[in-house]
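Source file: query-v7.pdb. Holds: PDB, C-alpha atoms.
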```pdb
ATOM      1  CA  MET P 270     -34.456  11.185  -6.573
ATOM      2  CA  THR P 271     -33.902   7.869  -8.292
ATOM      3  CA  LYS P 272     -30.465   6.497  -8.954
ATOM      4  CA  SER P 273     -29.259   6.254 -12.503
ATOM      5  CA  HIS P 274     -28.099   2.951 -13.911
ATOM      6  CA  ASN P 275     -24.364   3.124 -14.504
ATOM      7  CA  GLY P 276     -24.043  -0.312 -16.036
ATOM      8  CA  MET P 277     -23.874  -3.850 -14.786
ATOM      9  CA  ARG P 278     -20.950  -5.110 -12.747
ATOM     10  CA  PRO P 279     -19.636  -8.672 -12.849
ATOM     11  CA  GLN P 280     -20.734  -9.417  -9.283
ATOM     12  CA  ASP P 281     -24.330  -8.648 -10.327
ATOM     13  CA  ILE P 282     -24.356 -11.818 -12.419
ATOM     14  CA  VAL P 283     -22.787 -13.855  -9.607
ATOM     15  CA  ILE P 284     -25.483 -12.614  -7.207
ATOM     16  CA  LEU P 285     -28.331 -13.344  -9.652
ATOM     17  CA  LEU P 286     -26.976 -16.831 -10.300
ATOM     18  CA  LYS P 287     -26.770 -17.431  -6.538
ATOM     19  CA  LYS P 288     -30.416 -16.361  -6.222
ATOM     20  CA  VAL P 289     -31.509 -19.028  -8.721
ATOM     21  CA  THR P 290     -29.622 -21.893  -7.061
ATOM     22  CA  SER P 291     -31.668 -24.236  -4.908
ATOM     23  CA  THR P 292     -29.903 -22.977  -1.769
ATOM     24  CA  GLY P 293     -29.966 -19.309  -2.763
ATOM     25  CA  ARG P 294     -33.689 -18.979  -3.510
ATOM     26  CA  GLY P 295     -34.768 -18.360   0.058
ATOM     27  CA  MET P 296     -31.689 -16.514   1.268
ATOM     28  CA  THR P 297     -31.676 -13.000   2.619
ATOM     29  CA  ASN P 298     -29.296 -10.456   1.143
ATOM     30  CA  ALA P 299     -27.099 -10.816   4.229
ATOM     31  CA  GLN P 300     -26.912 -14.604   3.760
ATOM     32  CA  ILE P 301     -26.069 -14.201   0.072
ATOM     33  CA  ALA P 302     -23.395 -11.663   0.977
ATOM     34  CA  LYS P 303     -21.838 -14.047   3.487
ATOM     35  CA  GLU P 304     -21.815 -17.041   1.119
ATOM     36  CA  LEU P 305     -20.394 -15.004  -1.768
ATOM     37  CA  GLY P 306     -17.886 -13.008   0.274
ATOM     38  CA  ILE P 307     -19.449  -9.730  -0.878
ATOM     39  CA  SER P 308     -20.598  -6.962   1.452
ATOM     40  CA  ALA P 309     -24.330  -6.755   2.186
ATOM     41  CA  SER P 310     -24.425  -3.196   0.847
ATOM     42  CA  GLU P 311     -22.854  -4.365  -2.434
ATOM     43  CA  VAL P 312     -25.481  -7.116  -2.731
ATOM     44  CA  SER P 313     -28.178  -4.498  -2.222
ATOM     45  CA  GLU P 314     -26.635  -2.165  -4.815
ATOM     46  CA  ALA P 315     -26.229  -5.065  -7.270
ATOM     47  CA  LEU P 316     -29.866  -6.067  -6.913
ATOM     48  CA  GLU P 317     -30.899  -2.457  -7.550
ATOM     49  CA  ARG P 318     -28.847  -2.416 -10.773
ATOM     50  CA  CYS P 319     -30.452  -5.726 -11.735
ATOM     51  CA  ARG P 320     -33.920  -4.319 -11.001
ATOM     52  CA  MET P 321     -33.225  -1.311 -13.213
ATOM     53  CA  ALA P 322     -32.000  -3.669 -15.974
ATOM     54  CA  ARG P 323     -35.183  -5.763 -15.541
ATOM     55  CA  LEU P 324     -33.195  -8.845 -14.561
ATOM     56  CA  ILE P 325     -35.120  -9.100 -11.265
ATOM     57  CA  ASP P 326     -38.590  -8.006 -10.168
ATOM     58  CA  ASN P 327     -39.342  -4.708  -8.415
ATOM     59  CA  LEU P 328     -39.229  -6.398  -4.997
ATOM     60  CA  LYS P 329     -35.767  -7.757  -5.869
ATOM     61  CA  GLN P 330     -36.843 -11.299  -5.062
ATOM     62  CA  ARG P 331     -37.711 -13.141  -8.287
ATOM     63  CA  VAL P 332     -35.108 -13.336 -11.032
ATOM     64  CA  ASN P 333     -36.398 -12.748 -14.570
ATOM     65  CA  ILE P 334     -35.137 -16.047 -15.990
ATOM     66  CA  LEU P 335     -35.765 -15.181 -19.645
ATOM     67  CA  ALA P 336     -33.880 -11.884 -19.351
ATOM     68  CA  LEU P 337     -31.043 -13.529 -17.400
ATOM     69  CA  LYS P 338     -30.648 -16.252 -20.052
ATOM     70  CA  GLU P 339     -30.699 -13.682 -22.846
ATOM     71  CA  PHE P 340     -28.068 -11.554 -21.098
ATOM     72  CA  MET P 341     -25.857 -14.546 -20.338
ATOM     73  CA  ILE P 342     -26.029 -15.977 -23.849
ATOM     74  CA  HIS P 343     -25.753 -12.746 -25.805
ATOM     75  CA  GLY P 344     -24.253 -10.145 -23.469
ATOM     76  CA  LEU P 345     -21.616 -11.670 -21.201
ATOM     77  CA  LYS P 346     -18.962 -12.007 -23.898
ATOM     78  CA  TYR P 347     -19.268  -8.300 -24.713
ATOM     79  CA  VAL P 348     -19.778  -6.814 -21.255
ATOM     80  CA  PHE P 349     -17.457  -9.112 -19.284
ATOM     81  CA  PRO P 350     -15.103 -10.674 -21.850
ATOM     82  CA  ALA P 351     -12.423 -13.137 -20.820
ATOM     83  CA  GLN P 352      -9.283 -14.420 -22.488
ATOM     84  CA  PRO P 353      -7.537 -17.591 -21.371
ATOM     85  CA  GLN P 354      -4.209 -16.759 -19.717
ATOM     86  CA  ALA P 355      -1.132 -18.692 -18.602
ATOM     87  CA  LYS P 356      -1.455 -22.137 -17.035
ATOM     88  CA  VAL P 357      -2.030 -22.036 -13.286
ATOM     89  CA  ARG P 358      -3.417 -24.173 -10.482
ATOM     90  CA  GLY P 359      -7.101 -23.584  -9.921
ATOM     91  CA  ILE P 360     -10.712 -24.721  -9.888
ATOM     92  CA  ALA P 361     -12.270 -26.061 -13.083
ATOM     93  CA  THR P 362     -14.484 -23.735 -15.121
ATOM     94  CA  ALA P 363     -16.076 -23.524 -18.576
ATOM     95  CA  ILE P 364     -15.821 -26.850 -20.462
ATOM     96  CA  SER P 365     -13.549 -28.297 -17.769
ATOM     97  CA  ALA P 366     -16.194 -28.182 -15.011
ATOM     98  CA  PRO P 367     -19.447 -30.028 -14.430
ATOM     99  CA  PRO P 368     -21.884 -30.195 -16.087
ATOM    100  CA  MET P 369     -20.048 -29.526 -19.349
ATOM    101  CA  ASN P 370     -16.931 -31.671 -18.791
ATOM    102  CA  ASP P 371     -19.013 -34.788 -19.525
ATOM    103  CA  LYS P 372     -20.441 -33.320 -22.725
ATOM    104  CA  ILE P 373     -17.360 -31.727 -24.280
ATOM    105  CA  LEU P 374     -14.212 -33.798 -24.271
ATOM    106  CA  SER P 375     -11.003 -31.918 -24.873
ATOM    107  CA  ASP P 376      -7.503 -33.171 -24.278
ATOM    108  CA  ASN P 377      -5.956 -29.770 -24.919
ATOM    109  CA  ASP P 378      -8.281 -27.202 -23.374
ATOM    110  CA  VAL P 379      -8.395 -27.074 -19.589
ATOM    111  CA  TYR P 380      -9.724 -23.882 -17.993
ATOM    112  CA  VAL P 381      -9.528 -22.862 -14.339
ATOM    113  CA  TRP P 382     -10.227 -19.980 -12.031
ATOM    114  CA  PRO P 383      -6.854 -19.297 -10.382
ATOM    115  CA  ASP P 384      -6.844 -20.664  -6.840
ATOM    116  CA  ALA P 385      -3.957 -21.940  -4.720
ATOM    117  CA  LYS P 386      -6.201 -24.649  -3.235
ATOM    118  CA  GLY P 387      -7.365 -25.803  -6.677
ATOM    119  CA  ASN P 388      -6.904 -29.390  -7.800
ATOM    120  CA  LEU P 389      -6.394 -28.802 -11.522
ATOM    121  CA  ARG P 390      -3.864 -27.110 -13.750
ATOM    122  CA  GLY P 391      -5.111 -25.197 -16.767
ATOM    123  CA  GLU P 392      -5.408 -21.900 -18.580
ATOM    124  CA  ALA P 393      -6.519 -19.160 -16.198
ATOM    125  CA  ILE P 394      -9.896 -17.512 -16.696
ATOM    126  CA  THR P 395     -10.534 -14.434 -14.592
ATOM    127  CA  PRO P 396     -13.705 -15.174 -12.608
ATOM    128  CA  LEU P 397     -16.623 -12.751 -12.754
ATOM    129  CA  TYR P 398     -15.822 -11.812  -9.156
ATOM    130  CA  ARG P 399     -12.731 -12.403  -7.055
ATOM    131  CA  THR P 400     -14.550 -14.538  -4.447
ATOM    132  CA  VAL P 401     -15.963 -17.037  -6.973
ATOM    133  CA  PRO P 402     -13.421 -19.802  -6.159
ATOM    134  CA  GLU P 403     -14.445 -19.771  -2.483
ATOM    135  CA  ALA P 404     -18.178 -19.462  -3.202
ATOM    136  CA  VAL P 405     -18.341 -22.427  -5.581
ATOM    137  CA  ARG P 406     -16.735 -24.744  -3.024
ATOM    138  CA  ILE P 407     -19.938 -24.614  -0.968
ATOM    139  CA  ASP P 408     -22.489 -24.522  -3.808
ATOM    140  CA  PRO P 409     -22.113 -27.021  -6.672
ATOM    141  CA  MET P 410     -25.101 -25.550  -8.553
ATOM    142  CA  LEU P 411     -23.510 -22.093  -8.468
ATOM    143  CA  HIS P 412     -20.275 -23.679  -9.724
ATOM    144  CA  SER P 413     -22.144 -25.182 -12.689
ATOM    145  CA  LEU P 414     -23.901 -21.903 -13.521
ATOM    146  CA  LEU P 415     -20.708 -19.850 -13.340
ATOM    147  CA  ALA P 416     -18.828 -22.429 -15.441
ATOM    148  CA  ILE P 417     -21.594 -22.167 -18.059
ATOM    149  CA  ALA P 418     -21.312 -18.368 -17.870
ATOM    150  CA  ASP P 419     -17.612 -18.720 -18.680
ATOM    151  CA  ILE P 420     -18.453 -20.771 -21.752
ATOM    152  CA  PHE P 421     -20.536 -17.839 -22.972
ATOM    153  CA  ARG P 422     -17.547 -15.575 -22.268
ATOM    154  CA  ILE P 423     -14.877 -17.676 -24.044
ATOM    155  CA  GLY P 424     -16.558 -20.577 -25.819
ATOM    156  CA  ARG P 425     -16.631 -21.705 -29.395
ATOM    157  CA  VAL P 426     -19.942 -22.001 -31.262
ATOM    158  CA  ARG P 427     -20.460 -25.713 -30.522
ATOM    159  CA  GLU P 428     -19.619 -25.247 -26.834
ATOM    160  CA  VAL P 429     -21.993 -22.278 -26.579
ATOM    161  CA  GLU P 430     -24.819 -24.281 -28.194
ATOM    162  CA  LEU P 431     -24.350 -27.116 -25.695
ATOM    163  CA  ALA P 432     -24.113 -24.607 -22.823
ATOM    164  CA  LYS P 433     -27.458 -23.056 -23.848
ATOM    165  CA  VAL P 434     -29.156 -26.442 -23.522
ATOM    166  CA  GLU P 435     -27.555 -27.067 -20.134
ATOM    167  CA  LEU P 436     -28.455 -23.567 -18.900
ATOM    168  CA  ASP P 437     -32.083 -24.145 -19.932
ATOM    169  CA  SER P 438     -32.085 -27.440 -18.089
ATOM    170  CA  ILE P 439     -30.738 -25.942 -14.855
ATOM    171  CA  LEU P 440     -32.871 -22.791 -14.925
ATOM    172  CA  SER P 441     -36.053 -24.735 -15.760
ATOM    173  CA  THR P 442     -36.115 -25.792 -12.088
ATOM    174  CA  TYR P 443     -36.311 -22.174 -10.902
ATOM    175  CA  ASP P 444     -40.078 -21.782 -11.291
ATOM    176  CA  VAL P 445     -40.883 -25.223  -9.929
ATOM    177  CA  LYS P 446     -42.616 -24.864  -6.580
TER     178      LYS P 446
END
```

Go ahead and render the structure in this file as structure tokens.
Amino acid sequence: MTKSHNGMRPQDIVILLKKVTSTGRGMTNAQIAKELGISASEVSEALERCRMARLIDNLKQRVNILALKEFMIHGLKYVFPAQPQAKVRGIATAISAPPMNDKILSDNDVYVWPDAKGNLRGEAITPLYRTVPEAVRIDPMLHSLLAIADIFRIGRVREVELAKVELDSILSTYDVK
């Protein structure tokens, strides 16, 4: 009997984005689990949900880049919405993190994922998964992708348009052999 799809979970997006990073492309599920601080069984379940949603191929190896981009741009803000919260210490995200912090200059808006070891103070954005602050410390490309994802979750029209271009640029390297 096949499992039914009970909806995407935020960690599914984190796992897919890890799989498209230069370091994550060749990783086993166990390696991805270790780097993301997620159990191996949860990685497996997430990839099955992604397969059912057609975000990854039937072998759960190749991410469907077009579907992932479409979901990130049009779906994240509805499925995993975020609202900036009180100012806290944390790690830069959204327009405050590379690659967008060079493209969008804002004196007022600073966004962070709450983290006691963070080096920035700003409005808190709940990360897609609780282990994101640790995971992005070891993978700058994942940090960029998750920061772009946060722009789709909270961004204004101009920020979203710039994030689309940057997302295309990063993901265009995925199919390069």

| field | Spatial neighbours of range 407-421 of chain P, 7 Å, only C-alpha atoms, chain gap at least 3 places, as a ChimeraX atom specification | value | /P:286-287,290,341-342,345-346,362-364,366-368,404,424,428-429,432

| task | Would you please work out which residue, of P:Val348, P:Ala361, P:Lys433, P:Arg406, is nearest to Asn388 in chain P when using only C-alpha atoms? | result |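 Selected residue with least distance to Asn388 in chain P: P:Ala361.
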
| message | List the spatial neighbours of Leu324 in chain P as a VMD selection string - criterion: any atom at most 12 Å away, all atoms listed in the file, same-chain residues fewer than 4 positions off excluded. | response | chain P and resid 277 281 to 282 284 to 286 288 to 289 315 to 320 328 to 341

| task | Go through the shown structure with the PyMOL selection byres ((chain P and resi 377) around 12) and write out the matching residues as a list in words. | result | Lys356, Ile364, Ser365, Ile373, Leu374, Ser375, Asp376, Asp378, Val379, Tyr380, Arg390, Gly391 and Glu392 of chain P

| task | Please indicate the distance in Å from CA of Val312 in chain P to CA of Gly293 in chain P, rounded to one decimal place. | result |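 Taking CA of Val312 in chain P as the start and CA of Gly293 in chain P as the end point, the length is 13.0 Å.
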
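What separates CA of Arg278 in chain P from CA of Ala393 in chain P is a distance of 20.4 Å.
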
| request: Work out how far apart CA of Pro402 in chain P and CA of Ile360 in chain P are and give it in Å to one decimal. | output: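 According to the coordinates, CA of Pro402 in chain P and CA of Ile360 in chain P are separated by 6.7 Å.
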
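Across P:Met296, P:Leu397, P:Val405, P:Leu389, the tightest approach to Pro350 in chain P is made by P:Leu397 when counting all atoms listed in the file.
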